[in-house]
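Q: My file is start.cif. It has mmCIF, C-alpha atoms:
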data_final
loop_
_atom_site.label_atom_id
_atom_site.label_comp_id
_atom_site.auth_asym_id
_atom_site.auth_seq_id
_atom_site.Cartn_x
_atom_site.Cartn_y
_atom_site.Cartn_z
CA MET A 1 3.64 27.58 -10.85
CA SER A 2 2.57 30.01 -8.16
CA ASN A 3 -1.16 29.86 -7.36
CA LEU A 4 -1.85 26.85 -9.58
CA ARG A 5 -5.22 25.45 -8.47
CA VAL A 6 -4.85 21.76 -7.64
CA LEU A 7 -7.61 19.39 -6.50
CA ILE A 8 -6.44 16.15 -4.87
CA VAL A 9 -8.92 13.32 -4.33
CA GLY A 10 -7.98 11.04 -1.43
CA ALA A 11 -6.36 11.74 1.96
CA SER A 12 -4.44 8.57 2.78
CA VAL A 13 -0.77 8.46 1.71
CA ALA A 14 -0.43 9.59 -1.90
CA GLY A 15 -2.81 12.56 -1.50
CA PRO A 16 -1.20 14.34 1.46
CA THR A 17 2.28 13.60 0.07
CA ALA A 18 1.33 15.22 -3.23
CA ALA A 19 -0.21 18.17 -1.34
CA TYR A 20 3.02 18.65 0.63
CA TRP A 21 5.10 18.98 -2.54
CA PHE A 22 2.56 21.01 -4.53
CA ALA A 23 2.43 23.50 -1.65
CA LYS A 24 6.23 23.76 -1.71
CA ALA A 25 5.88 24.61 -5.40
CA GLY A 26 3.49 27.46 -4.56
CA ALA A 27 0.22 25.82 -5.63
CA ASN A 28 -3.11 26.25 -3.85
CA VAL A 29 -4.25 22.76 -2.93
CA THR A 30 -7.65 21.38 -1.99
CA ILE A 31 -7.82 17.78 -0.74
CA ILE A 32 -11.18 16.04 -0.59
CA GLU A 33 -11.81 12.72 1.13
CA ARG A 34 -15.07 10.81 0.80
CA PHE A 35 -14.96 9.57 4.39
CA ALA A 36 -16.14 11.90 7.15
CA LYS A 37 -12.78 11.90 8.92
CA LEU A 38 -9.21 10.75 8.49
CA ARG A 39 -9.04 6.97 8.39
CA ILE A 40 -6.50 5.79 10.95
CA ASN A 41 -7.04 2.02 10.76
CA GLY A 42 -5.13 -0.42 8.58
CA GLN A 43 -2.29 -2.87 8.80
CA ASN A 44 1.44 -2.39 8.56
CA VAL A 45 3.03 -0.92 5.44
CA ASP A 46 6.69 -0.48 4.53
CA ILE A 47 8.71 2.45 3.22
CA ARG A 48 11.46 1.15 0.96
CA THR A 49 13.70 1.96 -2.00
CA ALA A 50 13.16 5.45 -3.41
CA GLY A 51 10.34 6.00 -0.90
CA VAL A 52 13.06 6.33 1.75
CA THR A 53 14.77 8.99 -0.37
CA VAL A 54 11.60 11.07 -0.67
CA MET A 55 10.74 10.63 3.02
CA ARG A 56 14.14 12.05 3.95
CA LYS A 57 13.39 15.13 1.84
CA MET A 58 10.24 15.86 3.87
CA GLN A 59 11.18 17.81 6.99
CA GLY A 60 10.47 15.86 10.15
CA MET A 61 8.94 12.85 8.43
CA GLU A 62 11.68 10.29 9.01
CA ALA A 63 11.81 11.05 12.74
CA ALA A 64 8.02 10.87 12.97
CA VAL A 65 7.95 7.53 11.16
CA ARG A 66 10.69 6.09 13.36
CA ALA A 67 8.75 7.16 16.45
CA LYS A 68 5.69 5.28 15.19
CA THR A 69 7.19 2.11 13.72
CA THR A 70 5.43 -1.09 14.72
CA GLN A 71 8.34 -2.11 17.01
CA MET A 72 7.91 -5.68 15.79
CA ASP A 73 11.09 -7.68 16.39
CA GLY A 74 10.58 -9.86 13.35
CA ILE A 75 8.42 -12.61 11.89
CA SER A 76 8.36 -16.21 13.07
CA PHE A 77 7.06 -18.70 10.50
CA VAL A 78 5.46 -21.51 12.49
CA HIS A 79 4.16 -25.05 12.16
CA GLU A 80 0.61 -25.86 13.25
CA ASP A 81 1.82 -26.65 16.77
CA GLY A 82 3.49 -23.22 17.02
CA ARG A 83 7.09 -24.39 16.58
CA PRO A 84 9.03 -21.95 14.37
CA TYR A 85 10.80 -23.24 11.28
CA ALA A 86 12.17 -19.85 10.21
CA ILE A 87 12.62 -16.46 11.87
CA MET A 88 13.36 -13.28 9.96
CA ARG A 89 14.31 -9.98 11.55
CA ALA A 90 15.06 -6.48 10.37
CA THR A 91 18.66 -6.01 9.29
CA GLY A 92 19.15 -2.78 11.23
CA ASP A 93 20.26 -1.11 7.99
CA PRO A 94 17.62 0.93 6.10
CA ASN A 95 19.78 0.62 2.98
CA GLN A 96 19.68 -3.19 3.08
CA GLN A 97 16.22 -4.17 4.23
CA SER A 98 14.85 -7.68 4.63
CA LEU A 99 11.27 -8.90 4.71
CA VAL A 100 10.91 -6.86 7.91
CA SER A 101 11.39 -3.21 7.00
CA GLU A 102 13.29 -0.66 9.06
CA TYR A 103 10.35 1.66 8.37
CA GLU A 104 7.41 -0.66 9.04
CA ILE A 105 4.47 1.39 10.25
CA PHE A 106 0.71 1.00 10.52
CA ARG A 107 -1.00 2.60 7.54
CA GLY A 108 -3.20 4.74 9.78
CA ASP A 109 -0.18 6.09 11.67
CA LEU A 110 1.53 6.99 8.40
CA ALA A 111 -1.61 8.72 7.15
CA HIS A 112 -1.78 10.69 10.40
CA ILE A 113 1.88 11.75 10.11
CA LEU A 114 1.32 13.03 6.57
CA PHE A 115 -1.86 14.80 7.65
CA ASP A 116 0.00 16.50 10.50
CA LEU A 117 2.74 17.60 8.10
CA THR A 118 0.21 19.33 5.85
CA LYS A 119 -2.91 20.31 7.84
CA ASP A 120 -1.62 23.71 9.02
CA ASN A 121 -0.14 24.78 5.70
CA GLU A 122 -1.96 27.89 4.45
CA LYS A 123 -1.68 26.57 0.89
CA ILE A 124 -3.55 23.34 1.72
CA LYS A 125 -7.23 22.90 2.56
CA TYR A 126 -8.80 19.59 3.66
CA ILE A 127 -12.49 18.81 3.07
CA PHE A 128 -13.88 15.54 4.43
CA GLY A 129 -17.12 13.84 3.44
CA GLU A 130 -16.87 14.93 -0.19
CA GLN A 131 -16.22 13.27 -3.54
CA VAL A 132 -16.24 14.04 -7.25
CA ALA A 133 -19.53 13.67 -9.12
CA SER A 134 -18.36 14.77 -12.59
CA MET A 135 -15.50 16.46 -14.43
CA GLN A 136 -15.51 18.51 -17.62
CA GLN A 137 -12.22 19.16 -19.39
CA LYS A 138 -11.60 22.58 -20.94
CA ASP A 139 -8.53 24.03 -22.66
CA ASP A 140 -7.31 25.98 -19.65
CA ALA A 141 -9.00 24.23 -16.71
CA ILE A 142 -11.07 21.28 -15.56
CA THR A 143 -14.52 21.91 -14.09
CA VAL A 144 -15.43 19.66 -11.17
CA GLU A 145 -18.90 19.05 -9.81
CA PHE A 146 -19.05 17.57 -6.31
CA ALA A 147 -21.46 15.04 -4.83
CA ASN A 148 -22.09 16.42 -1.33
CA GLY A 149 -22.54 20.17 -1.49
CA LEU A 150 -19.16 21.68 -2.32
CA SER A 151 -19.59 24.33 -5.01
CA THR A 152 -18.68 23.47 -8.59
CA SER A 153 -15.20 24.88 -9.27
CA ASP A 154 -12.49 25.11 -11.90
CA TYR A 155 -9.02 23.66 -11.27
CA ASP A 156 -5.79 23.67 -13.22
CA LEU A 157 -5.15 20.06 -12.28
CA VAL A 158 -7.10 17.19 -10.69
CA VAL A 159 -5.08 14.43 -9.02
CA ALA A 160 -6.74 11.07 -8.25
CA CYS A 161 -5.23 9.44 -5.15
CA ASP A 162 -8.27 7.44 -4.04
CA GLY A 163 -7.03 3.88 -4.28
CA ALA A 164 -6.90 0.93 -6.62
CA THR A 165 -10.65 0.90 -7.29
CA SER A 166 -10.65 4.66 -7.81
CA ARG A 167 -14.05 6.07 -8.70
CA THR A 168 -12.32 9.25 -9.75
CA ARG A 169 -10.19 7.31 -12.24
CA ALA A 170 -13.36 5.94 -13.81
CA ILE A 171 -14.80 9.46 -14.14
CA GLY A 172 -11.58 11.06 -15.36
CA LEU A 173 -10.72 8.40 -17.92
CA GLY A 174 -14.30 7.62 -18.90
CA CYS A 175 -13.94 3.94 -18.03
CA GLY A 176 -15.31 1.36 -15.63
CA VAL A 177 -14.03 1.01 -12.06
CA ARG A 178 -12.57 -2.43 -12.88
CA ASP A 179 -11.10 -1.39 -16.22
CA HIS A 180 -7.28 -1.47 -16.32
CA ILE A 181 -7.23 -3.97 -13.45
CA GLU A 182 -5.23 -7.22 -13.64
CA PRO A 183 -6.34 -9.66 -10.89
CA LEU A 184 -3.65 -11.41 -8.83
CA ASN A 185 -6.13 -14.09 -7.73
CA TYR A 186 -6.08 -13.48 -4.02
CA TRP A 187 -7.77 -11.37 -1.40
CA ALA A 188 -6.69 -10.10 2.01
CA ALA A 189 -8.55 -9.20 5.19
CA TYR A 190 -7.16 -6.90 7.89
CA PHE A 191 -8.42 -6.36 11.43
CA SER A 192 -7.51 -6.14 15.11
CA ILE A 193 -8.46 -8.57 17.84
CA GLU A 194 -8.58 -7.77 21.55
CA ARG A 195 -7.00 -11.01 22.70
CA ASP A 196 -3.20 -11.11 22.70
CA LEU A 197 -2.39 -14.43 21.03
CA LEU A 198 1.33 -13.60 21.16
CA ASP A 199 1.42 -13.50 24.98
CA GLY A 200 3.21 -10.15 25.07
CA SER A 201 5.86 -11.05 22.50
CA LYS A 202 6.92 -8.49 19.89
CA MET A 203 7.67 -11.27 17.43
CA GLY A 204 4.94 -11.65 14.82
CA GLN A 205 3.83 -15.11 13.73
CA SER A 206 2.89 -16.42 10.29
CA TRP A 207 1.19 -19.71 9.39
CA SER A 208 -0.44 -21.26 6.34
CA THR A 209 -2.32 -24.39 5.40
CA ILE A 210 -3.40 -26.18 2.24
CA GLY A 211 -5.58 -24.39 -0.26
CA GLY A 212 -3.51 -21.21 -0.23
CA ARG A 213 -4.83 -20.03 3.13
CA TRP A 214 -2.37 -17.82 5.02
CA LEU A 215 -2.55 -15.63 8.09
CA ALA A 216 -0.24 -13.58 10.26
CA VAL A 217 -0.58 -12.11 13.74
CA GLY A 218 1.44 -9.10 14.82
CA PRO A 219 1.76 -7.11 18.04
CA ASP A 220 0.13 -3.74 18.61
CA PRO A 221 1.43 -1.18 21.13
CA SER A 222 -2.04 -1.13 22.70
CA GLY A 223 -1.76 -4.78 23.69
CA MET A 224 -4.11 -6.04 20.99
CA ASN A 225 -3.04 -8.07 17.95
CA ARG A 226 -3.19 -7.05 14.30
CA VAL A 227 -4.19 -9.81 11.90
CA VAL A 228 -3.84 -10.35 8.17
CA MET A 229 -5.60 -13.25 6.44
CA MET A 230 -5.10 -14.12 2.78
CA ASP A 231 -6.67 -16.63 0.43
CA ILE A 232 -4.27 -17.16 -2.47
CA SER A 233 -5.33 -19.07 -5.59
CA PRO A 234 -3.15 -20.21 -8.50
CA ARG A 235 -2.53 -17.44 -11.02
CA ASN A 236 -4.26 -19.43 -13.78
CA ASP A 237 -7.43 -20.02 -11.73
CA ARG A 238 -10.04 -17.99 -13.56
CA ASP A 239 -12.44 -15.92 -11.44
CA ALA A 240 -10.81 -17.20 -8.25
CA THR A 241 -12.05 -14.21 -6.25
CA LEU A 242 -15.60 -14.18 -7.60
CA LEU A 243 -17.24 -15.42 -4.38
CA PHE A 244 -15.24 -12.91 -2.35
CA ARG A 245 -16.32 -10.05 -4.63
CA GLU A 246 -19.95 -11.11 -4.35
CA ALA A 247 -19.69 -11.10 -0.56
CA ALA A 248 -18.00 -7.69 -0.65
CA LYS A 249 -20.98 -6.21 -2.48
CA ALA A 250 -23.15 -7.14 0.52
CA GLY A 251 -20.91 -5.39 3.07
CA ASP A 252 -18.45 -6.23 5.82
CA ASP A 253 -20.70 -8.65 7.70
CA ALA A 254 -21.11 -10.77 4.57
CA VAL A 255 -17.35 -10.73 3.99
CA LYS A 256 -16.70 -11.78 7.58
CA ARG A 257 -19.05 -14.73 7.14
CA TYR A 258 -17.28 -15.67 3.92
CA VAL A 259 -13.84 -15.48 5.58
CA GLU A 260 -15.11 -17.53 8.51
CA GLN A 261 -16.45 -20.19 6.15
CA ARG A 262 -13.16 -20.30 4.26
CA PHE A 263 -10.91 -20.59 7.35
CA ALA A 264 -13.05 -22.33 10.00
CA GLY A 265 -11.32 -25.38 11.46
CA ALA A 266 -8.16 -24.79 9.44
CA GLY A 267 -5.86 -25.27 12.42
CA TRP A 268 -3.29 -23.39 14.52
CA LYS A 269 -4.95 -20.33 16.16
CA THR A 270 -7.43 -19.83 13.36
CA ASP A 271 -10.64 -20.36 15.34
CA ASP A 272 -9.57 -17.90 18.07
CA ILE A 273 -8.69 -15.38 15.37
CA LEU A 274 -12.05 -15.83 13.66
CA LYS A 275 -13.88 -15.21 16.95
CA GLY A 276 -11.99 -11.95 17.32
CA MET A 277 -12.64 -11.05 13.69
CA MET A 278 -16.40 -11.26 14.11
CA LYS A 279 -16.18 -8.58 16.84
CA ALA A 280 -13.64 -6.38 15.05
CA GLY A 281 -14.75 -2.83 14.37
CA ASP A 282 -11.83 -2.02 12.09
CA PHE A 283 -12.33 -4.92 9.66
CA TYR A 284 -11.27 -4.24 6.10
CA ALA A 285 -10.93 -6.66 3.19
CA SER A 286 -9.95 -6.22 -0.42
CA GLU A 287 -9.20 -8.14 -3.57
CA MET A 288 -5.56 -7.77 -4.61
CA PHE A 289 -4.68 -6.77 -8.15
CA GLN A 290 -2.47 -4.57 -10.25
CA VAL A 291 -3.60 -1.37 -11.96
CA LYS A 292 -2.05 -0.82 -15.38
CA VAL A 293 -3.33 2.17 -17.34
CA PRO A 294 -2.21 3.10 -20.87
CA SER A 295 -1.45 6.64 -19.70
CA LEU A 296 -1.16 8.19 -16.24
CA TYR A 297 -2.98 11.32 -17.34
CA GLN A 298 -5.65 12.61 -19.65
CA GLY A 299 -5.84 16.35 -20.25
CA ARG A 300 -5.58 17.97 -16.82
CA PHE A 301 -6.49 14.82 -14.95
CA VAL A 302 -3.73 12.59 -13.51
CA LEU A 303 -3.33 9.44 -11.40
CA VAL A 304 -0.99 8.95 -8.42
CA GLY A 305 -0.47 5.95 -6.16
CA ASP A 306 -2.74 2.90 -6.24
CA ALA A 307 -5.21 4.73 -8.48
CA GLY A 308 -2.60 4.64 -11.24
CA TYR A 309 -0.25 1.77 -10.41
CA ALA A 310 -1.41 -0.46 -7.58
CA GLY A 311 0.09 -3.86 -7.03
CA ALA A 312 3.80 -3.26 -6.42
CA PRO A 313 4.77 -6.20 -4.15
CA GLY A 314 6.08 -4.75 -0.89
CA ASN A 315 6.53 -1.37 -2.53
CA GLY A 316 3.04 0.11 -2.94
CA THR A 317 3.52 2.78 -0.28
CA SER A 318 6.95 3.72 -1.60
CA LEU A 319 5.66 3.93 -5.16
CA ALA A 320 2.86 6.27 -4.05
CA ILE A 321 5.29 8.53 -2.18
CA VAL A 322 7.66 8.66 -5.15
CA GLY A 323 4.86 9.33 -7.62
CA ALA A 324 3.53 12.25 -5.56
CA TYR A 325 7.00 13.79 -5.37
CA LEU A 326 7.72 13.41 -9.10
CA LEU A 327 4.34 14.77 -10.18
CA ALA A 328 4.66 18.00 -8.19
CA GLY A 329 8.32 18.28 -9.08
CA GLU A 330 7.78 17.92 -12.83
CA ILE A 331 4.90 20.41 -12.86
CA ASP A 332 7.11 22.83 -10.93
CA ARG A 333 10.14 22.20 -13.17
CA HIS A 334 8.07 23.15 -16.20
CA LYS A 335 7.03 26.44 -14.57
CA GLY A 336 3.37 25.57 -14.32
CA ASP A 337 3.09 24.25 -17.90
CA VAL A 338 0.70 21.46 -16.93
CA ALA A 339 0.91 19.56 -20.21
CA ALA A 340 4.73 19.52 -20.22
CA GLY A 341 4.84 18.64 -16.53
CA LEU A 342 2.49 15.70 -17.00
CA ARG A 343 4.59 14.39 -19.86
CA GLY A 344 7.67 14.64 -17.64
CA TYR A 345 5.85 12.80 -14.84
CA GLU A 346 4.84 9.98 -17.18
CA GLU A 347 8.36 9.64 -18.58
CA ARG A 348 9.98 9.48 -15.14
CA MET A 349 7.40 7.18 -13.56
CA ARG A 350 7.09 4.52 -16.26
CA PRO A 351 10.44 2.77 -15.65
CA ILE A 352 9.93 2.97 -11.87
CA ILE A 353 6.44 1.48 -12.13
CA LYS A 354 7.68 -1.28 -14.43
CA ASP A 355 10.42 -2.19 -11.97
CA MET A 356 8.38 -1.99 -8.77
CA GLN A 357 5.38 -3.87 -10.20
CA LYS A 358 7.52 -6.88 -11.09
CA ILE A 359 6.25 -9.93 -9.25
CA PRO A 360 9.10 -12.24 -8.15
CA PRO A 361 8.85 -15.87 -9.31
CA GLY A 362 6.52 -17.88 -7.11
CA ILE A 363 5.01 -14.86 -5.37
CA PRO A 364 2.48 -14.79 -3.78
CA GLY A 365 1.92 -18.54 -4.12
CA LEU A 366 5.17 -19.30 -2.32
CA LEU A 367 3.75 -17.62 0.77
CA ALA A 368 0.82 -20.05 0.90
CA PRO A 369 1.20 -23.18 -1.26
CA GLN A 370 -1.86 -25.16 -2.29
CA THR A 371 -0.64 -28.61 -1.20
CA ALA A 372 1.03 -30.24 1.80
CA TRP A 373 4.04 -31.05 -0.40
CA GLY A 374 4.27 -27.41 -1.46
CA ILE A 375 4.13 -26.27 2.17
CA TRP A 376 6.92 -28.67 3.13
CA LEU A 377 9.09 -27.39 0.28
CA ARG A 378 8.33 -23.76 1.20
CA ASN A 379 9.24 -24.44 4.82
CA MET A 380 12.61 -25.89 3.78
CA LEU A 381 13.32 -22.88 1.56
CA PHE A 382 12.36 -20.32 4.23
CA SER A 383 14.44 -22.17 6.84
CA PHE A 384 17.47 -22.11 4.55
CA VAL A 385 17.05 -18.43 3.70
CA ALA A 386 16.51 -17.42 7.35
CA TRP A 387 19.56 -19.40 8.44
CA GLY A 388 21.73 -17.78 5.80
CA MET A 389 20.55 -14.27 6.60
CA THR A 390 21.22 -14.85 10.29
CA TYR A 391 24.80 -16.07 9.97
CA SER A 392 26.16 -13.96 7.15
CA ARG A 393 25.44 -10.53 5.69
CA LEU A 394 26.50 -12.05 2.39
CA TRP A 395 23.09 -13.69 2.42
CA ALA A 396 21.21 -10.38 2.51
CA TRP A 397 20.46 -10.84 -1.17
CA ALA A 398 18.10 -13.64 -0.16
CA GLY A 399 15.69 -11.04 1.20
CA LYS A 400 14.93 -10.14 -2.38
CA LEU A 401 12.94 -13.36 -2.61
CA PHE A 402 10.34 -11.71 -0.40
CA ALA A 403 10.76 -7.93 -0.64
CA SER A 404 12.88 -5.25 -2.23
CA SER A 405 15.92 -4.90 0.00
CA PHE A 406 17.47 -1.66 -1.15
CA GLY A 407 16.62 1.57 0.65
CA THR A 408 18.82 3.83 -1.46
CA ASP A 409 17.71 5.91 -4.44
CA LYS A 410 18.44 3.45 -7.23
CA TYR A 411 16.28 5.45 -9.66
CA GLY A 412 18.22 8.70 -9.51
CA LEU A 413 15.34 10.90 -8.35
CA PRO A 414 15.99 14.55 -9.23
CA ASP A 415 16.33 17.36 -6.72
CA TYR A 416 13.80 20.05 -7.60
CA GLU A 417 14.01 23.74 -6.75
CA TRP A 418 11.00 24.55 -4.61
CA VAL A 419 9.47 27.93 -3.91
CA ALA A 420 8.77 27.25 -0.23
#
Kindly return the structure encoded in the file as structure tokens.
A:
Amino acid sequence: MSNLRVLIVGASVAGPTAAYWFAKAGANVTIIERFAKLRINGQNVDIRTAGVTVMRKMQGMEAAVRAKTTQMDGISFVHEDGRPYAIMRATGDPNQQSLVSEYEIFRGDLAHILFDLTKDNEKIKYIFGEQVASMQQKDDAITVEFANGLSTSDYDLVVACDGATSRTRAIGLGCGVRDHIEPLNYWAAYFSIERDLLDGSKMGQSWSTIGGRWLAVGPDPSGMNRVVMMDISPRNDRDATLLFREAAKAGDDAVKRYVEQRFAGAGWKTDDILKGMMKAGDFYASEMFQVKVPSLYQGRFVLVGDAGYAGAPGNGTSLAIVGAYLLAGEIDRHKGDVAAGLRGYEERMRPIIKDMQKIPPGIPGLLAPQTAWGIWLRNMLFSFVAWGMTYSRLWAWAGKLFASSFGTDKYGLPDYEWVA
């Protein structure tokens, strides 16, 4: 498919990964990103399952990821007074991962690694501060009009990699931004705080209280702490995130006030964390949901990553990496026949998406039960699982309660023949 013109929308994880593989297939790639520069904030993400397989196919990526892993020793689940009731650590084996991944890395660091792997490639061009305004499908191309000055151009393929609430998906499929979204009834907020609440320890801490309120504090190499806060409602609670969504429409300050109201006085280190949150410049919050579209493509427009299949518990990053690899590979395998390549991509991705989007029983509610009785029961279960995983590798299967534990290619990803 030499000289195929590919437009990729989004420069986080899925976009640069897709660009890497399209360039190896000989395509000319343009990546646009609506933000003015590469976003390097964000909390920790994991590379698991087939994502490990694809990472190892990308020259230099595994070493770069290992050099930038969070270096967190594990996670300590604590009572309100700080006493741990369960501690989980990485297994040390990337092919048998636990809740703590062997490839746990801050999202911004991963995005930077992928950017560095692609920025100097003569087949790849990055344009920041730009987004799609409209698309017009034709038989042999797709005409794209841009919002911020880039000239209207024809492309052979447009790839949306701009997240779960993809605006490009709405344009390309002719739907609403929230169409094809299945709410999971919880939201999460991510930010850094200057105060080190871990007192120099590399062991992260996790705590929850009644009402489905959960938070975790992790170390940062800079000496700060990274924080995740979640508010998890029962799956049958209709419109559970409505107040959060209304706050989100008003901007980050409104969301911070909403989070503060929801967690103030909850206990443990919550009040100190909230004080740090109000000063945080890297605050980000989002409703959590799954994206399930009837088809991953329409004409010459296609979805990759969260834009097409968000909501894979513990596997979202891996699913994005795998999808980017398979899309470029299938287009290349069909010698630039876009229609045939897209059909191949859909056929290969569907069983992987179905498997990775499966939500284990009790998740995410098990992480943050609604009642004191539920918290007590959860604590007993986590203590039992952590004890078993500590004293016998035969208990490694227990990690599946919380995250996919297999780092090998269980999906049989093909090896493609690349031009470059």
Q: When you look at A:Gln71 with a cut-off of 10 Å (counting only C-alpha atoms), what residues show up, excluding the ones that are within fewer than 6 positions of it in the same chain? I need them as an NGL selection string.
A: :A and (102-105 or 202-203 or 219-221)
Q: Just give me the residues with any atom within 8 Å of (1.3, -14.0, 12.4), file coordinates, counting only C-alpha atoms, written as a PyMOL selection string.
A: chain A and resi 75-77+204-207+215-218+227-228
Q: Using all atoms listed in the file, which residues sit within 8 Å of A:Leu38 once same-chain residues fewer than 3 positions away are excluded, as a list in words?
A: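 Listing them by chain and then by number gives Ala11, Ser12, Phe35, Ala111, His112 and Phe128 of chain A.
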Q: Return as an NGL selection string the set of residues that the PyMOL selection byres ((chain A and resi 322-331) around 8) yields on the displayed structure.
A: :A and (1 or 14-15 or 17-18 or 21-22 or 25 or 50-51 or 54 or 304-305 or 318-321 or 332-338 or 340-342 or 344-345 or 348-349 or 416)
Q: With a distance cut-off of 12 Å and only C-alpha atoms, select the neighbouring residues of A:Asp252, excluding the residue or stretch itself and same-chain residues fewer than 4 positions from it, and output the selection as a ChimeraX atom specification.
A: /A:189-191,244-248,256-259,277-286
Q: Box along x, y and z, 8 Å on every side, all listed atoms of stretch 270-274 of chain A inside: centre and edge lengths in Å to one decimal, as AutoDock Vina command-line options.
A:
--center_x -9.7 --center_y -17.9 --center_z 15.7 --size_x 20.6 --size_y 21.0 --size_z 20.7
